[in-house]
Structures are given as C-alpha cells and as structure tokens.
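> Quick one: this structure, given as structure tokens, is what I'll be asking you about.
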Amino acid sequence: MNWEDKVRRVEPYVAGEQPGGEGVIKLNTNECPYPPAPGVIRALERIRADYGRLRLYPDMHAQKLVNALADYYHVRPSQIFVGVGSDDVLALAFLTFFNGKEPILFPDITYSFYDVWAELFRIPYRTCPLDENFRIRKEDYFQANGGIVLPNPNAPTGVEETVRALEEIVAASPDSVVIIDEAYVDFGAASVLPLVERYRNLMVVQTFSKSRAMAGARIGFAIADEKIISYLKDVKFSFNSYTMNLPAIEMGTAAVLDDAYFRETVGKIIRTREWTKGEFARLGFRFTDSKSNFLFAAHERIPAGELFAALKENNIYVRHWERPRIDNYLRITIGTDREMGRLVSFLEKYIKERGND
C-alpha cells in the first residue's frame, strides 16, 4: 500500500468556464451584470486609508455584518451565521447536521455541489426525481431521512416551489434539519424566511453573489433557530475561526445598507429576463418560468450542444450539461440589455440560416 491508497477520492464540482479577452459575453456562471452598491467602493476606500488594520485578525464573528443582516431581515443576530459564500455555509451545514444513518434527500436535477459534499463527508444520500415539468414531488420527501436540501428557485431549472409545499416538507421531518437554499430567491420568488420562527429544524441559506453583485467577495449567510446557528458556529470555530476577512465584512455591510440600489439592480435583471423570455418564445425556444437570474431553455429544432458550440465560437458563453434529462437544455444567465440583445440577434441569425440549410 502506498500513500495514494489512503487518499479520499471524490468527483469534484465543475464550475463554468471563466473566459477572458475583449468582446466576450459571459452568461454561464449566473453572476450579476451590474457593479455592487456604491457604498461597497467607499468601504474599500476606508480600508485603503487605514490599511494598517489588515495586520490584525478580523472579527471572527463578523458582528458588524451579522448585525446589519439581522436588522434587514428582522431577526436576532443570534439567528445568523455568515461564511465565505453560501458554498462555505452549506458545506459546514452538511458537516454539522447530516450525521445520521438515514440518507439525506435532494432532487436529482439540482445544484451539483450537493452530491459532491455528500461524497466528501461520507454522507449517505438519495436523489428524488423531479417530475416532467422539473418540479419536486413533495411526497418524495415524506420519508425517513437524515436531512433534506432543497434549492428554491432550483438550479439549473429556475423553477420556484410554493412556500406551502416547502412548509409541508419541513413540518413532515421535525427530527431532521431541512435546508432551503435561496441563492436566487431575490429575483421574484417567495422566501420561506417567515417560517424560521415556526420551525426549529429549518435553515435558510442566501448569498451575496447574485442579487448583491458580490461573487468576488464570497459572502453567504444562513438564518435559522438560535440552536442551529450555535451548532454551526461550534463546527466552524473548530475548523477555521477567521474565515471571513475584513474587506468582505466591511463591503458586505455596505451592500446590505443600500437597499434602494439592491432593489433597483434586481428590478433591472427581472425586466431583462422577462423581455428575453418573449424573444426566446418568438425564436422557437421552450423554457421554464424562471424566477432566477437565468433561463433554462431548449430549442424546438436545434440541439443544445450545437447551439452551445456555435455561441462559444462567437464569444458568447452559456452553460450546457451532457446529463440525462437536461442534455438538450442551455442555462443562460441574464446579462445587461445590450448583452441579451446581442445574444438574441445571434440566435435569430443562426436559427434562420440553419433553417435554410
């Protein structure tokens, strides 16, 4: 036996491409097409003016950011946990709460980090198939389980489940932690956050990467019962106490405080999304009724793989998976009006020329 025989092997998460260069339209990683709130820049300027603070460890509790989030969402600071992006928060939650013998449950078509974490932490899991409309069957989750993870809206489909259906799932598993991953909730979906006060087993996770335009700062948070947050902190502080750096804390706080800018940015993305839906319908695409910052679309005649390659060749990047049930769909991030106009113009020309072949 050599050292490689002792390595923990997993199939890693594969992120979207990060192309560079002039003229690229990047619609493959669900980033916000607009800059962060103006206060974020001012926060950076204050750090630059007093850069000596960087020699000190940051507040391990990130209390300034936690307090701002507590005020914004009308909960107690003790109900909030912050981390380095929602991926960090979710991974720690898997490590903390999913230690039973029963399998955890999540959809078969969903965020592809869930099974990676389950494999990494040796957590038994079972996937529940979405129906023909890419919706969950709530009854699939009314079974013995070691925990449940449900994104709402789902990724990569963009489909929103009702708060009522999600509440039934939470209520049916009082002895398991149920995580609702709301990475895209700000783009028109209803949040289950009001249910946190009613269900001690519910944890809601959100991120600054999408609607607050701060993917590069890596900020995510969870809101839950105080006991859940306490257990989550115990694991974090046993693993790495200083995960959140000073600039992220300061910038994140500034972003939360500028609610007007946040709502304006989200509103622009929603309007562009709805315009794009109309154009896609005109061009012969079918798609889910997305409540996220992306569309999940398939053309009536042209395979998704062909469109993906043609778009990429013309410096337009979208996401495509060669997986059962979704291999004929593209996930397309909503960019600026100009970017989406260029996308539609290219598709219109390509589809027309393809029809004349």
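In the structure tokens, the first chain shown is A, the next is B, and so on; residue numbers restart at 1 for each chain, and ligands run from 1 in the order shown.
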Using only C-alpha atoms, I'd like a table of the residues in stretch 172-256 of chain A that come within 8 Å of stretch 290-301 of chain A; for each, show the closest atom pair and its distance in Å rounded to one decimal, ordered by chain and ascending number, as CSV.

residue,atom,partner,partner_atom,distance
A:Tyr184,CA,A:Ser292,CA,5.1
A:Val185,CA,A:Ser292,CA,6.8
A:Asp186,CA,A:Ser292,CA,7.7
A:Phe187,CA,A:Ser292,CA,5.1
A:Gly188,CA,A:Lys291,CA,5.3
A:Ala189,CA,A:Lys291,CA,5.7
A:Lys210,CA,A:Asn293,CA,7.8
> Can you tell me, as a list of chain:residue names, what residues are no more than 7 Å from stretch 64-69 of chain A when counting only C-alpha atoms, ignoring any on the same chain fewer than 5 positions away?
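So, after excluding close chain neighbours, the residues are A:Pro77, A:Ile80, A:Ile249, A:Gly252, A:Thr253, A:Val256.
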> Hey, what's within 9 Å of stretch 165-179 of chain A if we count only C-alpha atoms and toss same-chain stuff fewer than 5 positions away? As a list in words, please?
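The filter keeps Leu90, Ala93, Phe97, Phe98, Lys138, Glu139, Tyr141, Phe142, Gln143, Ala144, Asn145, Gly146, Gly147, Ile148, Val149, Leu150, Pro151, Val192, Leu195, Tyr199, Arg200, Asn201, Leu202, Met203, Val204, Val205 and Ile228 of chain A.
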> Any chance you can output those residues with C-alpha atoms as a PDB file, in the first residue's frame?

ATOM      1  CA  LEU A  90     -23.777  24.854   3.023  1.00  0.00           C
ATOM      2  CA  ALA A  93     -24.109  22.669   7.400  1.00  0.00           C
ATOM      3  CA  PHE A  97     -26.161  18.323  10.703  1.00  0.00           C
ATOM      4  CA  PHE A  98     -26.020  15.333   8.364  1.00  0.00           C
ATOM      5  CA  LYS A 138     -43.377  16.812  -2.156  1.00  0.00           C
ATOM      6  CA  GLU A 139     -44.478  13.303  -1.251  1.00  0.00           C
ATOM      7  CA  TYR A 141     -39.706  13.874   0.943  1.00  0.00           C
ATOM      8  CA  PHE A 142     -42.279  12.389   3.337  1.00  0.00           C
ATOM      9  CA  GLN A 143     -39.984   9.500   4.245  1.00  0.00           C
ATOM     10  CA  ALA A 144     -37.315   8.688   6.799  1.00  0.00           C
ATOM     11  CA  ASN A 145     -34.267  10.833   6.142  1.00  0.00           C
ATOM     12  CA  GLY A 146     -31.080  12.201   7.649  1.00  0.00           C
ATOM     13  CA  GLY A 147     -31.816  15.702   6.376  1.00  0.00           C
ATOM     14  CA  ILE A 148     -33.220  17.486   3.336  1.00  0.00           C
ATOM     15  CA  VAL A 149     -31.720  20.090   0.981  1.00  0.00           C
ATOM     16  CA  LEU A 150     -33.941  21.938  -1.479  1.00  0.00           C
ATOM     17  CA  PRO A 151     -32.919  24.924  -3.593  1.00  0.00           C
ATOM     18  CA  VAL A 192     -39.518  30.786   3.392  1.00  0.00           C
ATOM     19  CA  LEU A 195     -41.202  30.092   8.625  1.00  0.00           C
ATOM     20  CA  TYR A 199     -39.886  25.561  12.683  1.00  0.00           C
ATOM     21  CA  ARG A 200     -36.743  24.934  14.717  1.00  0.00           C
ATOM     22  CA  ASN A 201     -35.457  22.450  12.129  1.00  0.00           C
ATOM     23  CA  LEU A 202     -35.463  24.931   9.208  1.00  0.00           C
ATOM     24  CA  MET A 203     -32.333  26.671   7.910  1.00  0.00           C
ATOM     25  CA  VAL A 204     -32.471  29.218   5.078  1.00  0.00           C
ATOM     26  CA  VAL A 205     -29.294  29.984   3.121  1.00  0.00           C
ATOM     27  CA  ILE A 228     -28.992  25.530  14.810  1.00  0.00           C
TER      28      ILE A 228
END
> Would you please give, as a PyMOL selection string, all residues of stretch 191-320 of chain A that DSSP assigns to helix (DSSP H, G or I) based on the backbone?
chain A and resi 193-197+215-217+226-239+246-257+259-282+304-313
> Next, the residues of the selection above should be written as a PDB file, in the first residue's frame with C-alpha atoms.

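The resulting file, out13.pdb, is reproduced below:
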ATOM      1  CA  LEU A 193     -37.740  33.038   5.900  1.00  0.00           C
ATOM      2  CA  PRO A 194     -41.004  33.813   7.762  1.00  0.00           C
ATOM      3  CA  LEU A 195     -41.202  30.092   8.625  1.00  0.00           C
ATOM      4  CA  VAL A 196     -37.963  30.146  10.626  1.00  0.00           C
ATOM      5  CA  GLU A 197     -39.776  31.359  13.751  1.00  0.00           C
ATOM      6  CA  ALA A 215     -19.473  36.962  -6.208  1.00  0.00           C
ATOM      7  CA  GLY A 216     -15.830  38.043  -5.964  1.00  0.00           C
ATOM      8  CA  ALA A 217     -16.144  38.926  -2.265  1.00  0.00           C
ATOM      9  CA  GLU A 226     -30.564  30.029  17.543  1.00  0.00           C
ATOM     10  CA  LYS A 227     -29.683  26.432  18.450  1.00  0.00           C
ATOM     11  CA  ILE A 228     -28.992  25.530  14.810  1.00  0.00           C
ATOM     12  CA  ILE A 229     -26.746  28.584  14.460  1.00  0.00           C
ATOM     13  CA  SER A 230     -24.967  27.713  17.692  1.00  0.00           C
ATOM     14  CA  TYR A 231     -24.121  24.199  16.467  1.00  0.00           C
ATOM     15  CA  LEU A 232     -22.973  25.594  13.126  1.00  0.00           C
ATOM     16  CA  LYS A 233     -20.629  28.020  14.875  1.00  0.00           C
ATOM     17  CA  ASP A 234     -19.202  25.242  17.041  1.00  0.00           C
ATOM     18  CA  VAL A 235     -18.113  23.369  13.928  1.00  0.00           C
ATOM     19  CA  LYS A 236     -16.812  26.483  12.186  1.00  0.00           C
ATOM     20  CA  PHE A 237     -14.735  27.597  15.164  1.00  0.00           C
ATOM     21  CA  SER A 238     -13.327  24.077  15.470  1.00  0.00           C
ATOM     22  CA  PHE A 239     -12.302  24.160  11.829  1.00  0.00           C
ATOM     23  CA  LEU A 246     -12.053  42.383   6.970  1.00  0.00           C
ATOM     24  CA  PRO A 247     -12.757  43.777   3.458  1.00  0.00           C
ATOM     25  CA  ALA A 248     -15.579  41.274   2.943  1.00  0.00           C
ATOM     26  CA  ILE A 249     -17.168  42.201   6.279  1.00  0.00           C
ATOM     27  CA  GLU A 250     -16.993  45.932   5.525  1.00  0.00           C
ATOM     28  CA  MET A 251     -18.132  45.619   1.905  1.00  0.00           C
ATOM     29  CA  GLY A 252     -20.922  43.211   2.778  1.00  0.00           C
ATOM     30  CA  THR A 253     -22.249  45.552   5.444  1.00  0.00           C
ATOM     31  CA  ALA A 254     -22.265  48.448   2.987  1.00  0.00           C
ATOM     32  CA  ALA A 255     -24.164  46.350   0.436  1.00  0.00           C
ATOM     33  CA  VAL A 256     -26.880  45.439   2.953  1.00  0.00           C
ATOM     34  CA  LEU A 257     -27.353  49.071   3.969  1.00  0.00           C
ATOM     35  CA  ASP A 259     -31.465  48.696  -0.093  1.00  0.00           C
ATOM     36  CA  ALA A 260     -32.505  51.129  -2.839  1.00  0.00           C
ATOM     37  CA  TYR A 261     -29.594  50.120  -5.066  1.00  0.00           C
ATOM     38  CA  PHE A 262     -30.243  46.442  -4.366  1.00  0.00           C
ATOM     39  CA  ARG A 263     -33.888  46.718  -5.422  1.00  0.00           C
ATOM     40  CA  GLU A 264     -33.018  48.759  -8.497  1.00  0.00           C
ATOM     41  CA  THR A 265     -30.465  46.172  -9.656  1.00  0.00           C
ATOM     42  CA  VAL A 266     -32.787  43.225  -9.099  1.00  0.00           C
ATOM     43  CA  GLY A 267     -35.581  45.065 -10.908  1.00  0.00           C
ATOM     44  CA  LYS A 268     -33.415  45.633 -13.977  1.00  0.00           C
ATOM     45  CA  ILE A 269     -32.465  41.951 -14.156  1.00  0.00           C
ATOM     46  CA  ILE A 270     -36.097  40.848 -13.807  1.00  0.00           C
ATOM     47  CA  ARG A 271     -37.229  43.208 -16.592  1.00  0.00           C
ATOM     48  CA  THR A 272     -34.467  41.964 -18.906  1.00  0.00           C
ATOM     49  CA  ARG A 273     -35.321  38.354 -18.065  1.00  0.00           C
ATOM     50  CA  GLU A 274     -38.966  38.827 -18.970  1.00  0.00           C
ATOM     51  CA  TRP A 275     -38.035  40.560 -22.245  1.00  0.00           C
ATOM     52  CA  THR A 276     -35.702  37.690 -23.076  1.00  0.00           C
ATOM     53  CA  LYS A 277     -38.463  35.170 -22.397  1.00  0.00           C
ATOM     54  CA  GLY A 278     -40.601  36.875 -25.031  1.00  0.00           C
ATOM     55  CA  GLU A 279     -37.783  36.864 -27.574  1.00  0.00           C
ATOM     56  CA  PHE A 280     -36.954  33.216 -26.880  1.00  0.00           C
ATOM     57  CA  ALA A 281     -40.584  32.210 -27.381  1.00  0.00           C
ATOM     58  CA  ARG A 282     -40.566  34.049 -30.716  1.00  0.00           C
ATOM     59  CA  ALA A 304     -28.498  22.369 -27.248  1.00  0.00           C
ATOM     60  CA  GLY A 305     -24.989  21.039 -27.839  1.00  0.00           C
ATOM     61  CA  GLU A 306     -24.920  22.566 -31.297  1.00  0.00           C
ATOM     62  CA  LEU A 307     -26.151  25.941 -30.043  1.00  0.00           C
ATOM     63  CA  PHE A 308     -23.664  25.859 -27.177  1.00  0.00           C
ATOM     64  CA  ALA A 309     -20.751  25.301 -29.566  1.00  0.00           C
ATOM     65  CA  ALA A 310     -21.940  27.961 -32.019  1.00  0.00           C
ATOM     66  CA  LEU A 311     -22.376  30.520 -29.258  1.00  0.00           C
ATOM     67  CA  LYS A 312     -18.969  29.773 -27.779  1.00  0.00           C
ATOM     68  CA  GLU A 313     -17.312  30.109 -31.186  1.00  0.00           C
TER      69      GLU A 313
END
> If you measure from atom CA of A:Leu56 to atom CA of A:Phe81, what distance in Å do you get, rounded to one decimal?
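Between atom CA of A:Leu56 and atom CA of A:Phe81 the gap works out to 21.8 Å.
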> Could you please determine the separation between atom CA of A:Tyr114 and atom CA of A:Asp59 in Å, to one decimal place?
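Going from atom CA of A:Tyr114 over to atom CA of A:Asp59 covers 29.3 Å.
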> Quick check, in Å to one decimal: how far apart do atom CA of A:Val14 and atom CA of A:Asp88 lie?
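Computing it gives 16.1 Å between the two atoms.
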> From the options A:Asp50, A:Asp131, A:Asp87, A:Glu11, which residue's atoms come nearest to A:Val116, counting only C-alpha atoms?
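Using only C-alpha atoms, A:Val116 sits closest to A:Glu11.
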> For A:Arg126, work out the shell of residues within 8 Å, counting only C-alpha atoms and skipping chain neighbours fewer than 3 positions away, then give it as a PyMOL selection string.
chain A and resi 103-106
> May I have the residues from that selection written out with N, CA and C atoms, as a tab-separated table (two decimals), in the first residue's frame?

chain	number	residue	atom	x	y	z
A	103	PRO	N	-30.37	8.30	4.74
A	103	PRO	CA	-29.83	9.16	3.68
A	103	PRO	C	-30.46	10.55	3.71
A	104	ILE	N	-29.67	11.54	3.34
A	104	ILE	CA	-30.24	12.86	3.13
A	104	ILE	C	-30.90	12.86	1.76
A	105	LEU	N	-31.84	13.78	1.56
A	105	LEU	CA	-32.63	13.81	0.32
A	105	LEU	C	-32.45	15.15	-0.38
A	106	PHE	N	-32.30	15.10	-1.70
A	106	PHE	CA	-32.33	16.31	-2.53
A	106	PHE	C	-32.71	15.90	-3.95
